[in-house]
>>> print(open('run-v3.pdb').read())   # PDB, C-alpha atoms
ATOM      1  CA  MET A   1       9.191  54.238 -17.125
ATOM      2  CA  LYS A   2       9.235  50.574 -18.140
ATOM      3  CA  LEU A   3       8.190  48.205 -15.354
ATOM      4  CA  ARG A   4      11.180  46.296 -13.951
ATOM      5  CA  HIS A   5      11.261  43.517 -11.373
ATOM      6  CA  TYR A   6      14.241  42.222  -9.394
ATOM      7  CA  LEU A   7      13.624  38.501  -8.958
ATOM      8  CA  GLN A   8      17.081  37.098  -9.706
ATOM      9  CA  PHE A   9      20.563  38.583  -9.854
ATOM     10  CA  SER A  10      20.589  37.953 -13.603
ATOM     11  CA  ASP A  11      17.713  40.436 -14.077
ATOM     12  CA  PHE A  12      20.252  43.288 -14.337
ATOM     13  CA  THR A  13      23.235  43.714 -16.660
ATOM     14  CA  ARG A  14      26.830  44.433 -15.718
ATOM     15  CA  SER A  15      26.488  48.112 -16.622
ATOM     16  CA  GLU A  16      23.292  48.389 -14.576
ATOM     17  CA  TYR A  17      25.102  46.934 -11.581
ATOM     18  CA  GLN A  18      27.935  49.393 -12.022
ATOM     19  CA  HIS A  19      25.341  52.169 -11.757
ATOM     20  CA  LEU A  20      23.700  50.523  -8.725
ATOM     21  CA  PHE A  21      26.992  50.166  -6.857
ATOM     22  CA  GLU A  22      27.913  53.779  -7.560
ATOM     23  CA  ARG A  23      24.490  54.959  -6.385
ATOM     24  CA  ALA A  24      24.845  52.809  -3.242
ATOM     25  CA  ARG A  25      28.199  54.490  -2.557
ATOM     26  CA  ILE A  26      26.705  57.984  -2.931
ATOM     27  CA  ILE A  27      23.597  57.159  -0.884
ATOM     28  CA  LYS A  28      25.731  55.623   1.884
ATOM     29  CA  ASP A  29      28.002  58.679   1.946
ATOM     30  CA  ARG A  30      24.982  60.946   2.372
ATOM     31  CA  PHE A  31      23.666  58.699   5.145
ATOM     32  CA  LYS A  32      26.999  58.835   7.001
ATOM     33  CA  ARG A  33      27.041  62.635   6.749
ATOM     34  CA  TYR A  34      23.452  62.863   8.049
ATOM     35  CA  GLU A  35      22.455  64.507   4.783
ATOM     36  CA  PRO A  36      18.744  63.928   4.044
ATOM     37  CA  TYR A  37      17.969  62.296   0.700
ATOM     38  CA  GLN A  38      14.279  61.637   0.144
ATOM     39  CA  PRO A  39      13.512  61.045  -3.549
ATOM     40  CA  LEU A  40      10.757  58.535  -2.690
ATOM     41  CA  HIS A  41       8.431  60.983  -0.952
ATOM     42  CA  ASP A  42       4.817  59.784  -1.146
ATOM     43  CA  ARG A  43       5.867  56.319  -2.397
ATOM     44  CA  THR A  44       4.769  53.180  -0.528
ATOM     45  CA  LEU A  45       6.565  49.865  -0.180
ATOM     46  CA  ALA A  46       4.577  46.745   0.723
ATOM     47  CA  MET A  47       6.710  44.076   2.409
ATOM     48  CA  VAL A  48       5.236  40.564   2.320
ATOM     49  CA  PHE A  49       6.833  37.990   4.612
ATOM     50  CA  GLU A  50       6.071  34.298   4.392
ATOM     51  CA  LYS A  51       9.513  33.709   5.947
ATOM     52  CA  ALA A  52      10.552  35.701   9.005
ATOM     53  CA  SER A  53      13.558  38.014   8.831
ATOM     54  CA  THR A  54      15.642  40.487  10.798
ATOM     55  CA  ARG A  55      18.040  42.048   8.295
ATOM     56  CA  THR A  56      15.635  42.019   5.335
ATOM     57  CA  ARG A  57      12.853  43.720   7.264
ATOM     58  CA  VAL A  58      15.009  46.319   9.010
ATOM     59  CA  SER A  59      17.039  47.221   5.924
ATOM     60  CA  PHE A  60      14.031  47.640   3.606
ATOM     61  CA  GLU A  61      11.840  49.355   6.186
ATOM     62  CA  ALA A  62      14.508  51.760   7.425
ATOM     63  CA  GLY A  63      15.698  52.391   3.881
ATOM     64  CA  MET A  64      12.261  53.281   2.567
ATOM     65  CA  TYR A  65      11.581  55.646   5.474
ATOM     66  CA  GLN A  66      15.004  57.277   5.097
ATOM     67  CA  MET A  67      14.249  57.939   1.425
ATOM     68  CA  GLY A  68      10.982  59.662   2.325
ATOM     69  CA  GLY A  69       8.554  56.829   1.636
ATOM     70  CA  SER A  70       6.252  54.720   3.775
ATOM     71  CA  VAL A  71       6.025  50.991   4.458
ATOM     72  CA  ILE A  72       3.263  48.417   4.932
ATOM     73  CA  HIS A  73       4.326  45.156   6.600
ATOM     74  CA  LEU A  74       2.301  42.021   5.792
ATOM     75  CA  THR A  75       2.620  38.392   6.848
ATOM     76  CA  THR A  76       0.612  35.334   5.904
ATOM     77  CA  GLY A  77      -1.121  35.636   9.282
ATOM     78  CA  ASP A  78      -2.543  39.115   8.663
ATOM     79  CA  SER A  79      -3.260  38.948   4.947
ATOM     80  CA  GLN A  80      -5.179  36.774   2.507
ATOM     81  CA  LEU A  81      -1.905  35.113   1.479
ATOM     82  CA  GLY A  82      -2.386  32.780   4.425
ATOM     83  CA  ARG A  83      -6.027  32.096   3.570
ATOM     84  CA  ALA A  84      -5.684  30.461   0.162
ATOM     85  CA  GLU A  85      -6.366  33.538  -1.981
ATOM     86  CA  PRO A  86      -4.703  32.961  -5.363
ATOM     87  CA  ILE A  87      -1.346  34.723  -5.629
ATOM     88  CA  GLU A  88      -2.482  36.293  -8.876
ATOM     89  CA  ASP A  89      -5.456  37.953  -7.158
ATOM     90  CA  THR A  90      -3.325  39.207  -4.289
ATOM     91  CA  ALA A  91      -0.886  40.724  -6.776
ATOM     92  CA  ARG A  92      -3.658  42.462  -8.699
ATOM     93  CA  VAL A  93      -4.994  44.072  -5.504
ATOM     94  CA  ILE A  94      -1.793  45.020  -3.665
ATOM     95  CA  SER A  95      -0.144  46.475  -6.754
ATOM     96  CA  ARG A  96      -3.059  48.880  -7.252
ATOM     97  CA  MET A  97      -2.487  50.349  -3.781
ATOM     98  CA  VAL A  98       1.307  50.633  -3.410
ATOM     99  CA  ASP A  99       4.264  51.644  -5.562
ATOM    100  CA  ILE A 100       6.598  48.680  -5.041
ATOM    101  CA  VAL A 101       6.481  45.250  -3.368
ATOM    102  CA  MET A 102       9.173  43.194  -1.623
ATOM    103  CA  ILE A 103       8.372  39.518  -1.015
ATOM    104  CA  ARG A 104      10.223  36.983   1.133
ATOM    105  CA  THR A 105       8.763  33.568   0.456
ATOM    106  CA  TYR A 106       9.412  29.913  -0.348
ATOM    107  CA  GLU A 107       9.325  28.759  -3.989
ATOM    108  CA  GLN A 108      10.694  31.086  -6.666
ATOM    109  CA  SER A 109       7.597  30.268  -8.705
ATOM    110  CA  LYS A 110       5.461  32.124  -6.145
ATOM    111  CA  ILE A 111       7.245  35.426  -6.586
ATOM    112  CA  GLU A 112       7.328  34.984 -10.367
ATOM    113  CA  ARG A 113       3.553  34.431 -10.417
ATOM    114  CA  PHE A 114       3.045  37.509  -8.246
ATOM    115  CA  ALA A 115       5.279  39.630 -10.508
ATOM    116  CA  ALA A 116       3.456  38.443 -13.631
ATOM    117  CA  TYR A 117       0.220  40.031 -12.330
ATOM    118  CA  SER A 118       1.721  43.057 -10.563
ATOM    119  CA  ARG A 119       1.411  46.599 -11.894
ATOM    120  CA  VAL A 120       4.440  47.733  -9.838
ATOM    121  CA  PRO A 121       8.031  46.510  -9.390
ATOM    122  CA  VAL A 122       8.522  43.361  -7.313
ATOM    123  CA  ILE A 123      11.725  42.618  -5.395
ATOM    124  CA  ASN A 124      12.863  39.181  -4.278
ATOM    125  CA  GLY A 125      13.673  39.489  -0.567
ATOM    126  CA  LEU A 126      14.532  35.763  -0.501
ATOM    127  CA  THR A 127      13.202  32.535  -1.966
ATOM    128  CA  ASN A 128      14.313  28.938  -1.602
ATOM    129  CA  GLU A 129      16.229  29.281  -4.861
ATOM    130  CA  TYR A 130      17.721  32.808  -4.848
ATOM    131  CA  HIS A 131      18.684  35.729  -2.592
ATOM    132  CA  PRO A 132      19.732  38.534  -4.970
ATOM    133  CA  CYS A 133      19.552  41.397  -2.444
ATOM    134  CA  GLN A 134      22.090  39.643  -0.224
ATOM    135  CA  ILE A 135      24.630  39.237  -3.021
ATOM    136  CA  LEU A 136      23.978  42.809  -4.145
ATOM    137  CA  ALA A 137      25.128  43.942  -0.689
ATOM    138  CA  ASP A 138      27.986  41.434  -0.547
ATOM    139  CA  ILE A 139      29.501  42.571  -3.816
ATOM    140  CA  PHE A 140      29.064  46.228  -2.882
ATOM    141  CA  THR A 141      30.968  45.418   0.330
ATOM    142  CA  TYR A 142      33.762  43.735  -1.610
ATOM    143  CA  ILE A 143      34.048  46.743  -3.934
ATOM    144  CA  GLU A 144      34.255  49.077  -0.913
ATOM    145  CA  GLN A 145      37.004  47.014   0.661
ATOM    146  CA  ARG A 146      39.052  45.780  -2.309
ATOM    147  CA  GLY A 147      37.813  47.380  -5.549
ATOM    148  CA  SER A 148      36.333  45.608  -8.565
ATOM    149  CA  ILE A 149      35.335  41.962  -8.155
ATOM    150  CA  GLU A 150      35.899  41.259 -11.854
ATOM    151  CA  GLY A 151      38.483  38.499 -12.319
ATOM    152  CA  LYS A 152      38.519  37.619  -8.611
ATOM    153  CA  THR A 153      37.776  34.268  -6.933
ATOM    154  CA  VAL A 154      35.023  33.675  -4.376
ATOM    155  CA  ALA A 155      35.127  30.467  -2.295
ATOM    156  CA  TRP A 156      31.737  29.197  -1.162
ATOM    157  CA  ILE A 157      31.968  26.620   1.638
ATOM    158  CA  GLY A 158      28.959  24.623   2.856
ATOM    159  CA  ASP A 159      25.389  24.189   1.699
ATOM    160  CA  SER A 160      24.468  24.757  -1.957
ATOM    161  CA  ASN A 161      21.570  26.994  -0.981
ATOM    162  CA  ASN A 162      19.882  30.088  -2.393
ATOM    163  CA  VAL A 163      22.849  32.338  -1.548
ATOM    164  CA  CYS A 164      25.254  29.984  -3.293
ATOM    165  CA  ASN A 165      23.001  29.844  -6.356
ATOM    166  CA  THR A 166      22.973  33.625  -6.507
ATOM    167  CA  TRP A 167      26.776  33.850  -6.277
ATOM    168  CA  LEU A 168      26.884  31.667  -9.408
ATOM    169  CA  GLN A 169      24.550  34.035 -11.251
ATOM    170  CA  ALA A 170      26.590  37.030 -10.128
ATOM    171  CA  ALA A 171      29.818  35.438 -11.353
ATOM    172  CA  ALA A 172      28.392  35.063 -14.844
ATOM    173  CA  VAL A 173      27.083  38.649 -14.902
ATOM    174  CA  LEU A 174      30.105  40.397 -13.383
ATOM    175  CA  GLY A 175      32.957  38.204 -14.600
ATOM    176  CA  PHE A 176      34.493  36.443 -11.599
ATOM    177  CA  GLN A 177      34.892  32.819 -10.504
ATOM    178  CA  VAL A 178      33.216  30.837  -7.722
ATOM    179  CA  HIS A 179      34.865  27.834  -6.070
ATOM    180  CA  VAL A 180      32.205  25.694  -4.395
ATOM    181  CA  SER A 181      32.810  22.955  -1.849
ATOM    182  CA  THR A 182      29.851  21.087  -0.370
ATOM    183  CA  PRO A 183      29.525  17.752   1.453
ATOM    184  CA  PRO A 184      28.571  14.739  -0.691
ATOM    185  CA  GLY A 185      24.853  14.787  -1.342
ATOM    186  CA  TYR A 186      24.576  18.565  -1.002
ATOM    187  CA  GLU A 187      26.074  19.560  -4.340
ATOM    188  CA  ILE A 188      24.680  22.311  -6.544
ATOM    189  CA  GLU A 189      21.952  21.169  -8.901
ATOM    190  CA  SER A 190      23.522  20.700 -12.316
ATOM    191  CA  ALA A 191      21.055  23.087 -13.979
ATOM    192  CA  ARG A 192      22.073  25.888 -11.602
ATOM    193  CA  ALA A 193      25.763  25.164 -12.005
ATOM    194  CA  ASP A 194      25.342  25.320 -15.769
ATOM    195  CA  LEU A 195      24.037  28.874 -15.437
ATOM    196  CA  ALA A 196      27.485  30.052 -14.359
ATOM    197  CA  GLY A 197      29.293  27.965 -16.959
ATOM    198  CA  ALA A 198      32.769  26.461 -16.849
ATOM    199  CA  ALA A 199      34.450  29.864 -16.994
ATOM    200  CA  HIS A 200      32.905  30.986 -13.715
ATOM    201  CA  TYR A 201      32.404  27.885 -11.552
ATOM    202  CA  ARG A 202      34.467  25.008 -10.132
ATOM    203  CA  GLN A 203      33.467  22.279  -7.698
ATOM    204  CA  PHE A 204      35.907  21.026  -5.005
ATOM    205  CA  ALA A 205      35.645  17.984  -2.751
ATOM    206  CA  ASP A 206      38.121  19.527  -0.293
ATOM    207  CA  PRO A 207      36.979  22.842   1.201
ATOM    208  CA  LYS A 208      40.554  23.931   1.884
ATOM    209  CA  GLU A 209      41.392  23.543  -1.808
ATOM    210  CA  ALA A 210      38.322  25.595  -2.707
ATOM    211  CA  CYS A 211      39.722  28.392  -0.527
ATOM    212  CA  ARG A 212      43.204  28.269  -2.052
ATOM    213  CA  ASP A 213      44.117  31.699  -3.488
ATOM    214  CA  ALA A 214      40.540  32.945  -3.045
ATOM    215  CA  ASP A 215      39.947  36.685  -2.682
ATOM    216  CA  LEU A 216      36.782  36.150  -0.655
ATOM    217  CA  VAL A 217      35.662  33.220   1.495
ATOM    218  CA  THR A 218      31.985  33.029   2.359
ATOM    219  CA  THR A 219      29.498  30.626   3.874
ATOM    220  CA  ASP A 220      26.026  30.339   5.420
ATOM    221  CA  VAL A 221      24.285  28.292   8.086
ATOM    222  CA  TRP A 222      24.295  24.546   7.587
ATOM    223  CA  THR A 223      20.505  24.359   7.899
ATOM    224  CA  SER A 224      18.517  26.964   5.997
ATOM    225  CA  MET A 225      15.006  28.035   6.987
ATOM    226  CA  GLY A 226      12.523  25.306   6.132
ATOM    227  CA  PHE A 227      15.014  22.453   6.552
ATOM    228  CA  GLU A 228      15.087  22.337  10.365
ATOM    229  CA  ALA A 229      14.059  18.667  10.422
ATOM    230  CA  GLU A 230      17.449  17.865   8.859
ATOM    231  CA  ASN A 231      19.474  19.582  11.605
ATOM    232  CA  ASP A 232      21.130  16.504  13.097
ATOM    233  CA  ALA A 233      21.925  14.887   9.749
ATOM    234  CA  ARG A 234      23.379  18.135   8.435
ATOM    235  CA  ARG A 235      25.603  18.661  11.493
ATOM    236  CA  ARG A 236      27.163  15.269  10.855
ATOM    237  CA  ALA A 237      27.500  15.785   7.092
ATOM    238  CA  PHE A 238      28.943  19.320   7.318
ATOM    239  CA  ALA A 239      31.441  18.743  10.160
ATOM    240  CA  HIS A 240      34.470  19.223   7.844
ATOM    241  CA  TRP A 241      32.969  22.254   6.085
ATOM    242  CA  ARG A 242      33.517  24.699   8.953
ATOM    243  CA  VAL A 243      35.414  27.802   7.818
ATOM    244  CA  ASP A 244      38.393  28.075  10.140
ATOM    245  CA  ALA A 245      41.804  29.722  10.272
ATOM    246  CA  VAL A 246      43.374  26.934   8.207
ATOM    247  CA  MET A 247      40.989  27.606   5.324
ATOM    248  CA  MET A 248      41.539  31.356   5.569
ATOM    249  CA  ARG A 249      45.323  30.869   5.456
ATOM    250  CA  ALA A 250      44.869  28.940   2.194
ATOM    251  CA  ALA A 251      43.165  32.013   0.710
ATOM    252  CA  ARG A 252      45.069  35.099  -0.421
ATOM    253  CA  PRO A 253      46.738  37.138   2.346
ATOM    254  CA  ASN A 254      44.218  39.971   2.019
ATOM    255  CA  ALA A 255      41.168  37.735   1.531
ATOM    256  CA  LEU A 256      37.903  38.785   3.139
ATOM    257  CA  PHE A 257      35.402  36.637   5.013
ATOM    258  CA  MET A 258      31.636  37.150   4.634
ATOM    259  CA  HIS A 259      28.537  35.550   6.101
ATOM    260  CA  CYS A 260      24.955  36.672   5.403
ATOM    261  CA  LEU A 261      23.952  36.043   9.063
ATOM    262  CA  PRO A 262      22.639  34.857  11.411
ATOM    263  CA  ALA A 263      25.797  32.876  12.187
ATOM    264  CA  HIS A 264      26.365  29.883  14.428
ATOM    265  CA  ARG A 265      29.911  30.115  15.775
ATOM    266  CA  GLY A 266      31.437  26.672  16.035
ATOM    267  CA  GLU A 267      29.257  25.274  13.260
ATOM    268  CA  GLU A 268      29.721  26.778   9.777
ATOM    269  CA  VAL A 269      32.442  29.192  10.971
ATOM    270  CA  THR A 270      34.763  29.488  13.944
ATOM    271  CA  ALA A 271      34.645  32.520  16.229
ATOM    272  CA  GLU A 272      38.306  33.147  15.347
ATOM    273  CA  VAL A 273      37.319  33.794  11.718
ATOM    274  CA  ILE A 274      33.999  35.629  11.989
ATOM    275  CA  ASP A 275      35.329  37.892  14.745
ATOM    276  CA  GLY A 276      38.785  38.157  13.212
ATOM    277  CA  PRO A 277      40.505  40.819  11.084
ATOM    278  CA  ALA A 278      39.466  39.317   7.715
ATOM    279  CA  SER A 279      35.772  39.425   8.590
ATOM    280  CA  VAL A 280      33.596  42.192   7.141
ATOM    281  CA  VAL A 281      30.262  40.695   8.166
ATOM    282  CA  TRP A 282      29.050  43.819  10.000
ATOM    283  CA  ASP A 283      29.811  46.093   7.052
ATOM    284  CA  GLU A 284      28.156  43.472   4.856
ATOM    285  CA  ALA A 285      25.018  43.509   7.022
ATOM    286  CA  GLU A 286      24.855  47.314   7.068
ATOM    287  CA  ASN A 287      25.288  47.441   3.313
ATOM    288  CA  ARG A 288      21.962  45.655   2.841
ATOM    289  CA  LEU A 289      20.493  49.051   3.759
ATOM    290  CA  HIS A 290      22.498  51.125   1.291
ATOM    291  CA  ALA A 291      22.438  48.696  -1.640
ATOM    292  CA  GLN A 292      18.679  48.204  -1.334
ATOM    293  CA  LYS A 293      18.076  51.952  -1.156
ATOM    294  CA  ALA A 294      19.901  52.217  -4.485
ATOM    295  CA  LEU A 295      17.745  49.361  -5.824
ATOM    296  CA  LEU A 296      14.520  51.051  -4.672
ATOM    297  CA  GLU A 297      15.649  54.282  -6.329
ATOM    298  CA  VAL A 298      16.386  52.592  -9.652
ATOM    299  CA  LEU A 299      13.148  50.595  -9.738
ATOM    300  CA  LEU A 300      10.940  53.529  -8.752
ATOM    301  CA  ILE A 301      12.471  56.555 -10.478
ATOM    302  CA  GLY A 302      15.087  55.107 -12.817
ATOM    303  CA  PRO A 303      18.832  55.788 -13.105
ATOM    304  CA  VAL A 304      19.966  58.970 -11.369
ATOM    305  CA  ASP A 305      22.972  60.921 -12.652
TER     306      ASP A 305
END
>>> encode(input="run-v3.pdb", output="structure tokens")
Amino acid sequence: MKLRHYLQFSDFTRSEYQHLFERARIIKDRFKRYEPYQPLHDRTLAMVFEKASTRTRVSFEAGMYQMGGSVIHLTTGDSQLGRAEPIEDTARVISRMVDIVMIRTYEQSKIERFAAYSRVPVINGLTNEYHPCQILADIFTYIEQRGSIEGKTVAWIGDSNNVCNTWLQAAAVLGFQVHVSTPPGYEIESARADLAGAAHYRQFADPKEACRDADLVTTDVWTSMGFEAENDARRRAFAHWRVDAVMMRAARPNALFMHCLPAHRGEEVTAEVIDGPASVVWDEAENRLHAQKALLEVLLIGPVD
């Protein structure tokens, strides 16, 4: 089977995502019925964390075990990654010993360099620039709740971070629109906005207007990992970009709310919204498990009928 990596959302086509979402649905159904499904027996996943995580670690680790495989957990503290070994050398060694690698790191260039020298598939568990596994789960959640996302509108409120960038890629691949509202000075880089194109992306100064007639409203923390020194400045800048009931009322009556978690109630979202009837954040979090199991299956054994 041809070696495939999953480093950005744009690495897969629309038809490949249709297959992934259908496989995620089937795998989740089996999980809910306590029906064993272990196609990855004797396969090993190496998870490399330069950034700590709860949902990424639990979903990949539990998912690999549930599919019959095994997992090795590495951090910069207990591997040569934290001791200045070239990434290329680390990739050459690790990929000779395991079947697939998931990396959660800083610059996108790091994971691309690792993948270039890896003999096995590499998955982006998060970088500063992109978070494709999160949006994979988010879109699967939307499909579960409302059907196809094609032609729909997603409102992104807050920081133009890696999750926002990935929503823009997904819009171009799957044919929907993203309304983005960020505080002045925190806008999307023009090169990333251009990736979505005019047909799939609009910028709004007013977050309420970005939410108007949206099918899904989503956000993230105001201060992403690695930017903690900017906490105070960001709290001041983002004060009017808190998703609240007023913004949700501007969206469509059946609009959903999502958040990739962890959430800070009273900052980027009010408790009324995240704990309210429009919120699907707990389904969204669980679906990291099922969507990533489908991704592991596709990368390791190919499409399954």
>>> atom_distance(input="run-v3.pdb", atom1="atom CA of A:Leu40", atom2="atom CA of A:Arg4")
16.6 Å
>>> resolve_selection(input="run-v3.pdb", expression="the PyMOL selection byres ((chain A and resi 91-101) around 9)", output="ChimeraX atom specification")
/A:43-48,72,86-90,102-103,113-124,296,299-300
>>> resolve_selection(input="run-v3.pdb", expression="the PyMOL selection byres ((chain A and resi 265) around 12)", output="NGL selection string")
:A and (219-222 or 242-244 or 259 or 261-264 or 266-275)
>>> atom_distance(input="run-v3.pdb", atom1="atom CA of A:Tyr65", atom2="atom CA of A:Ser15")
27.7 Å
>>> residues_near_point(input="run-v3.pdb", point="(43.5, 26.3, -3.0)", cutoff="12 Å", atoms="only C-alpha atoms", output="PyMOL selection string")
chain A and resi 153-155+179-181+202-215+217+246-252
>>> closest_residue(input="run-v3.pdb", among="A:Val298, A:Gly175, A:Pro253, A:Leu289", to="A:Gln66", atoms="all atoms listed in the file")
A:Leu289
>>> axis_aligned_box(input="run-v3.pdb", around="stretch 222-240 of chain A", padding_each_side="5 Å", output="AutoDock Vina command-line options")
--center_x 23.5 --center_y 21.5 --center_z 9.5 --size_x 31.9 --size_y 23.1 --size_z 17.1
>>> closest_atom_pairs(input="run-v3.pdb", of="stretch 78-172 of chain A", to="stretch 276-279 of chain A", cutoff="12 Å", atoms="only C-alpha atoms", output="Markdown table")
| residue | atom | partner | partner_atom | distance |
| --- | --- | --- | --- | --- |
| A:Thr141 | CA | A:Ser279 | CA | 11.3 |
| A:Tyr142 | CA | A:Ser279 | CA | 11.3 |
| A:Gln145 | CA | A:Ala278 | CA | 10.7 |
| A:Arg146 | CA | A:Ala278 | CA | 11.9 |
>>> write_last_selection(input="run-v3.pdb", atoms="C-alpha atoms", output="JSON list (two decimals), in the frame of the given file")
[["chain", "number", "residue", "atom", "x", "y", "z"],
["A", 141, "THR", "CA", 30.97, 45.42, 0.33],
["A", 142, "TYR", "CA", 33.76, 43.74, -1.61],
["A", 145, "GLN", "CA", 37.00, 47.01, 0.66],
["A", 146, "ARG", "CA", 39.05, 45.78, -2.31]]
>>> closest_residue(input="run-v3.pdb", among="A:Asp305, A:Glu150, A:Glu85, A:Glu228", to="A:Arg14", atoms="only C-alpha atoms")
A:Glu150
>>> atom_distance(input="run-v3.pdb", atom1="atom CA of A:Asp283", atom2="atom CA of A:Ala62")
16.3 Å
>>> closest_residue(input="run-v3.pdb", among="A:Trp241, A:Thr105, A:Ala199, A:Arg30", to="A:Leu174", atoms="only C-alpha atoms")
A:Ala199
>>> resolve_selection(input="run-v3.pdb", expression="the PyMOL selection byres ((chain A and resi 23) around 10)", output="number ranges by chain")
A: 17-22, 24-29, 290-291, 293-295, 297-298, 303-305
>>> residues_around(input="run-v3.pdb", residues="A:Met258", least_positions_apart="4", cutoff="6 Å", atoms="only C-alpha atoms", output="number ranges by chain")
A: 218, 280-281
>>> closest_residue(input="run-v3.pdb", among="A:Phe176, A:Gly69, A:Phe140, A:Ser109", to="A:Glu286", atoms="all atoms listed in the file")
A:Phe140
>>> closest_residue(input="run-v3.pdb", among="A:Pro183, A:Arg288, A:Ile139, A:Asp159", to="A:Leu216", atoms="only C-alpha atoms")
A:Ile139
>>> residues_around(input="run-v3.pdb", residues="A:Gly197", least_positions_apart="4", cutoff="10 Å", atoms="all atoms listed in the file", output="compact mmCIF listing (two decimals) with C-alpha atoms, in the frame of the given file")
# COMPACT_ATOMS: atom_id res chain seq x y z
CA LEU A 168 26.88 31.67 -9.41
CA GLN A 169 24.55 34.03 -11.25
CA ALA A 171 29.82 35.44 -11.35
CA ALA A 172 28.39 35.06 -14.84
CA GLN A 177 34.89 32.82 -10.50
CA ARG A 192 22.07 25.89 -11.60
CA ALA A 193 25.76 25.16 -12.00
CA TYR A 201 32.40 27.88 -11.55
CA ARG A 202 34.47 25.01 -10.13
>>> closest_residue(input="run-v3.pdb", among="A:Glu50, A:Glu144, A:Glu189, A:Glu230", to="A:Cys164", atoms="all atoms listed in the file")
A:Glu189
>>> closest_atom_pairs(input="run-v3.pdb", of="stretch 143-261 of chain A", to="stretch 127-133 of chain A", cutoff="12 Å", atoms="all atoms listed in the file", output="tab-separated table")
residue	atom	partner	partner_atom	distance
A:Ser160	CA	A:Glu129	CA	9.8
A:Asn161	CA	A:Glu129	CA	7.0
A:Asn162	CA	A:Tyr130	CA	4.3
A:Val163	CA	A:His131	CA	5.5
A:Cys164	CA	A:Tyr130	CA	8.2
A:Asn165	CA	A:Tyr130	CA	6.2
A:Thr166	CA	A:Tyr130	CA	5.6
A:Trp167	CA	A:Pro132	CA	8.6
A:Leu168	CA	A:Tyr130	CA	10.3
A:Gln169	CA	A:Pro132	CA	9.1
A:Ala170	CA	A:Pro132	CA	8.7
A:Ile188	CA	A:Glu129	CA	11.1
A:Glu189	CA	A:Glu129	CA	10.7
A:Arg192	CA	A:Glu129	CA	9.5
A:Ser224	CA	A:Asn128	CA	8.9
A:Met225	CA	A:Asn128	CA	8.7
A:Gly226	CA	A:Asn128	CA	8.7
A:Phe227	CA	A:Asn128	CA	10.4
A:Cys260	CA	A:His131	CA	10.2
>>> write_last_selection(input="run-v3.pdb", atoms="C-alpha atoms", output="CSV table (one decimal), in the frame of the given file")
chain,number,residue,atom,x,y,z
A,160,SER,CA,24.5,24.8,-2.0
A,161,ASN,CA,21.6,27.0,-1.0
A,162,ASN,CA,19.9,30.1,-2.4
A,163,VAL,CA,22.8,32.3,-1.5
A,164,CYS,CA,25.3,30.0,-3.3
A,165,ASN,CA,23.0,29.8,-6.4
A,166,THR,CA,23.0,33.6,-6.5
A,167,TRP,CA,26.8,33.8,-6.3
A,168,LEU,CA,26.9,31.7,-9.4
A,169,GLN,CA,24.6,34.0,-11.3
A,170,ALA,CA,26.6,37.0,-10.1
A,188,ILE,CA,24.7,22.3,-6.5
A,189,GLU,CA,22.0,21.2,-8.9
A,192,ARG,CA,22.1,25.9,-11.6
A,224,SER,CA,18.5,27.0,6.0
A,225,MET,CA,15.0,28.0,7.0
A,226,GLY,CA,12.5,25.3,6.1
A,227,PHE,CA,15.0,22.5,6.6
A,260,CYS,CA,25.0,36.7,5.4
